[in-house]
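Please read the structure below before turning to the comments.
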Amino acid sequence: MDIELPAGVRAATPSDWRQLGDITAEAFFEDPVNEWIFGMSRAIQSAFTVLARDVYSKRGQCYLAGDGGAAMWCTSETNRNLPTLSMLALAAGVARWGTKGAVKRAITAGETMDANHPHEPHMYLFTLGTRKSARGQGVGKALIRPMLAACDRKQLPAYLENSNPANTGFYVSHGFERMKLFEVGDNSPALEAMWRAPR
């Protein structure tokens, strides 16, 4: 989908996978759901880097705001499954860097997210995050607004899973509404499924 990008934001290419993964991982280091799944920040970084490299930078639409922020989107029709070798690489990284049981928790979380994913056509915001040094500077807004404007032009809804209650207000301010809360494993922090109807 064509979107109009503000100054300082650019479309990422497949060669930007490492930067996408690094920024996203830093943004999610203190995220309740990801801490519960992976346990260690190095495992979070390993997982997001593989997903950026082998799924979202190749099949999705990714954006960078300098080195301060990143967003990874895809259409609801996009195949988000990792190739076999990529899945093995992700599991190996999580097993090496995560806490005990992290691989099983990650697999269960992925399956649960897929089971709760809406079937209606939409744009899916997999991740939106900023580095600590870039927070409070409007980077998140600069990254999310262009895609939402494009969704409005196409009359296409948007969907995300919010894994940190601290971000609920941000998403609500951009038109998202809570669909439901669900756990990704036994006694995990809740994910907040959020939907935005086009305006």
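Naming scheme: A, B, ... for chains in displayed order of the structure tokens; residues 1 onward per chain; ligands 1 onward as shown.
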Compile the contact shell of Lys141 (chain A) as a list in words: residues with an atom at most 10 Å away, counting only C-alpha atoms, same-chain residues fewer than 4 positions apart removed.
->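 Here the answer would be Leu128, Gly136, Gln137, Arg145, Pro146, Phe170, Tyr171 and His174 of chain A.
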With N, CA and C atoms retained, export the selected residues as a CSV table (one decimal), in the first residue's frame.
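Final output, again.csv:
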chain,number,residue,atom,x,y,z
A,128,LEU,N,5.5,-1.7,16.7
A,128,LEU,CA,5.8,-0.3,16.7
A,128,LEU,C,6.6,0.0,17.9
A,136,GLY,N,9.1,10.1,23.6
A,136,GLY,CA,8.6,11.4,24.0
A,136,GLY,C,8.9,12.4,22.9
A,137,GLN,N,9.3,12.0,21.8
A,137,GLN,CA,9.7,13.0,20.7
A,137,GLN,C,8.8,12.9,19.5
A,145,ARG,N,1.0,7.2,11.9
A,145,ARG,CA,0.0,8.0,11.2
A,145,ARG,C,-0.1,7.8,9.7
A,146,PRO,N,1.1,7.7,9.0
A,146,PRO,CA,1.0,7.6,7.5
A,146,PRO,C,0.3,6.3,7.1
A,170,PHE,N,-2.0,5.5,23.8
A,170,PHE,CA,-1.4,5.9,22.5
A,170,PHE,C,-2.3,5.4,21.4
A,171,TYR,N,-2.6,4.1,21.5
A,171,TYR,CA,-3.3,3.4,20.4
A,171,TYR,C,-4.8,3.9,20.4
A,174,HIS,N,-5.2,7.1,18.5
A,174,HIS,CA,-5.1,6.9,17.0
A,174,HIS,C,-6.3,6.1,16.5
Run DSSP on the backbone and give me the residues of region 12-190 of chain A it puts in alpha helix (DSSP H), as a count of residues only.
-> 83
I want to know what sits within 8 Å of Asn164 (chain A), based on only C-alpha atoms, with residues of the same chain fewer than 6 positions away left out; could you give that as an mmCIF file with all heavy atoms, in the first residue's frame?
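Wrote it out as result_4.cif, contents follow:
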data_model
loop_
_atom_site.group_PDB
_atom_site.id
_atom_site.type_symbol
_atom_site.label_atom_id
_atom_site.label_comp_id
_atom_site.auth_asym_id
_atom_site.auth_seq_id
_atom_site.Cartn_x
_atom_site.Cartn_y
_atom_site.Cartn_z
ATOM 1 N N ASP A 31 8.772 -4.944 28.051
ATOM 2 C CA ASP A 31 7.397 -5.254 27.719
ATOM 3 C C ASP A 31 6.938 -6.473 28.529
ATOM 4 O O ASP A 31 7.615 -7.508 28.534
ATOM 5 C CB ASP A 31 7.324 -5.559 26.214
ATOM 6 C CG ASP A 31 5.954 -6.006 25.787
ATOM 7 O OD1 ASP A 31 5.132 -5.135 25.469
ATOM 8 O OD2 ASP A 31 5.704 -7.232 25.777
ATOM 9 N N PRO A 32 5.792 -6.388 29.228
ATOM 10 C CA PRO A 32 5.379 -7.490 30.104
ATOM 11 C C PRO A 32 5.235 -8.839 29.408
ATOM 12 O O PRO A 32 5.707 -9.863 29.926
ATOM 13 C CB PRO A 32 4.029 -7.012 30.658
ATOM 14 C CG PRO A 32 4.072 -5.525 30.553
ATOM 15 C CD PRO A 32 4.883 -5.231 29.326
ATOM 16 N N VAL A 33 4.589 -8.873 28.253
ATOM 17 C CA VAL A 33 4.363 -10.148 27.576
ATOM 18 C C VAL A 33 5.672 -10.735 27.072
ATOM 19 O O VAL A 33 5.942 -11.932 27.239
ATOM 20 C CB VAL A 33 3.341 -9.998 26.427
ATOM 21 C CG1 VAL A 33 3.246 -11.286 25.613
ATOM 22 C CG2 VAL A 33 1.970 -9.616 26.975
ATOM 23 N N LEU A 191 -2.584 -9.975 26.461
ATOM 24 C CA LEU A 191 -2.474 -9.200 25.228
ATOM 25 C C LEU A 191 -3.823 -8.526 24.997
ATOM 26 O O LEU A 191 -4.882 -9.113 25.232
ATOM 27 C CB LEU A 191 -2.175 -10.100 24.029
ATOM 28 C CG LEU A 191 -0.722 -10.405 23.684
ATOM 29 C CD1 LEU A 191 -0.672 -11.301 22.454
ATOM 30 C CD2 LEU A 191 0.072 -9.135 23.437
#
Can you tell me, as a PyMOL selection string, what residues are no more than 8 Å from Trp97 (chain A) when counting only C-alpha atoms, ignoring any on the same chain fewer than 3 positions away?
-> chain A and resi 40+42-43+93-94
Using N, CA, C and O atoms, can you export the residues from the last selection as a short mmCIF file (atom, residue, chain, number, x, y, z; two decimals), in the first residue's frame?
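Written output follows (part02.cif):
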data_model
loop_
_atom_site.label_atom_id
_atom_site.label_comp_id
_atom_site.auth_asym_id
_atom_site.auth_seq_id
_atom_site.Cartn_x
_atom_site.Cartn_y
_atom_site.Cartn_z
N MET A 40 14.81 -12.93 28.96
CA MET A 40 16.06 -12.17 28.86
C MET A 40 16.02 -11.29 27.61
O MET A 40 15.52 -11.70 26.57
N ARG A 42 18.37 -10.48 25.59
CA ARG A 42 19.11 -11.02 24.45
C ARG A 42 18.25 -11.98 23.63
O ARG A 42 18.35 -12.04 22.40
N ALA A 43 17.36 -12.71 24.29
CA ALA A 43 16.45 -13.61 23.58
C ALA A 43 15.40 -12.82 22.80
O ALA A 43 15.02 -13.20 21.69
N GLY A 93 18.19 -19.44 18.99
CA GLY A 93 18.52 -18.20 19.69
C GLY A 93 17.77 -18.06 21.00
O GLY A 93 18.33 -17.66 22.02
N VAL A 94 16.48 -18.40 20.98
CA VAL A 94 15.66 -18.30 22.19
C VAL A 94 16.13 -19.33 23.23
O VAL A 94 16.20 -19.03 24.42
#
Best match for closeness to Val55 (chain A) among A:Arg178, A:Glu77, A:Lys100, A:Leu82, counting only C-alpha atoms |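 Counting only C-alpha atoms, the residue closest to Val55 (chain A) is A:Leu82.
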Of the candidates A:Pro83, A:Pro118, A:Pro189, A:Pro6, which one gets nearest to Pro165 (chain A) if we count only C-alpha atoms?
->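 Smallest distance to Pro165 (chain A) is found for A:Pro189.
One finds CA of Tyr159 (chain A) at 24.0 Å from CA of Asn187 (chain A).
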Identify, with DSSP run on backbone atoms, the residues in chain A assigned to strand (DSSP E), and express the list as number ranges by chain.
-> A: 9-11, 61-65, 69-75, 123-130, 158-162, 177-183, 190-196
Which neighbours of Tyr124 (chain A) fall inside 10 Å, counting only C-alpha atoms, when residues of the same chain fewer than 4 positions from it are skipped, and could you give them as a PyMOL selection string?
-> chain A and resi 60-61+72-78+117-118+157-161+195
Residue selection dump (C-alpha atoms) as an mmCIF file, in the first residue's frame:
data_model
loop_
_atom_site.group_PDB
_atom_site.id
_atom_site.type_symbol
_atom_site.label_atom_id
_atom_site.label_comp_id
_atom_site.auth_asym_id
_atom_site.auth_seq_id
_atom_site.Cartn_x
_atom_site.Cartn_y
_atom_site.Cartn_z
ATOM 1 C CA GLY A 60 5.606 -6.782 4.895
ATOM 2 C CA GLN A 61 5.873 -3.010 4.926
ATOM 3 C CA MET A 72 6.588 -3.548 10.981
ATOM 4 C CA TRP A 73 3.277 -3.979 9.153
ATOM 5 C CA CYS A 74 1.788 -6.513 6.776
ATOM 6 C CA THR A 75 -1.542 -7.216 5.154
ATOM 7 C CA SER A 76 -3.824 -9.782 6.735
ATOM 8 C CA GLU A 77 -3.254 -12.001 3.695
ATOM 9 C CA THR A 78 0.528 -12.057 4.167
ATOM 10 C CA HIS A 117 -6.272 -13.053 14.723
ATOM 11 C CA PRO A 118 -9.282 -11.549 12.900
ATOM 12 C CA PRO A 157 -9.271 -1.580 9.066
ATOM 13 C CA ALA A 158 -6.101 -2.019 11.131
ATOM 14 C CA TYR A 159 -5.356 -4.563 13.861
ATOM 15 C CA LEU A 160 -2.693 -4.977 16.539
ATOM 16 C CA GLU A 161 -1.978 -6.870 19.754
ATOM 17 C CA TRP A 195 -9.076 -2.877 16.073
#
Mind checking which residues fall within 8 Å of Cys62 (chain A), counting only C-alpha atoms, ignoring those fewer than 2 positions away in the same chain, and posting them as a count of residues only?
-> 11
Pick out the closest residue to Met179 (chain A) from this set: A:Leu148, A:Pro198, A:Gln45, A:Asn116. Count only C-alpha atoms.
->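 Closest to Met179 (chain A) of all the choices is A:Asn116.
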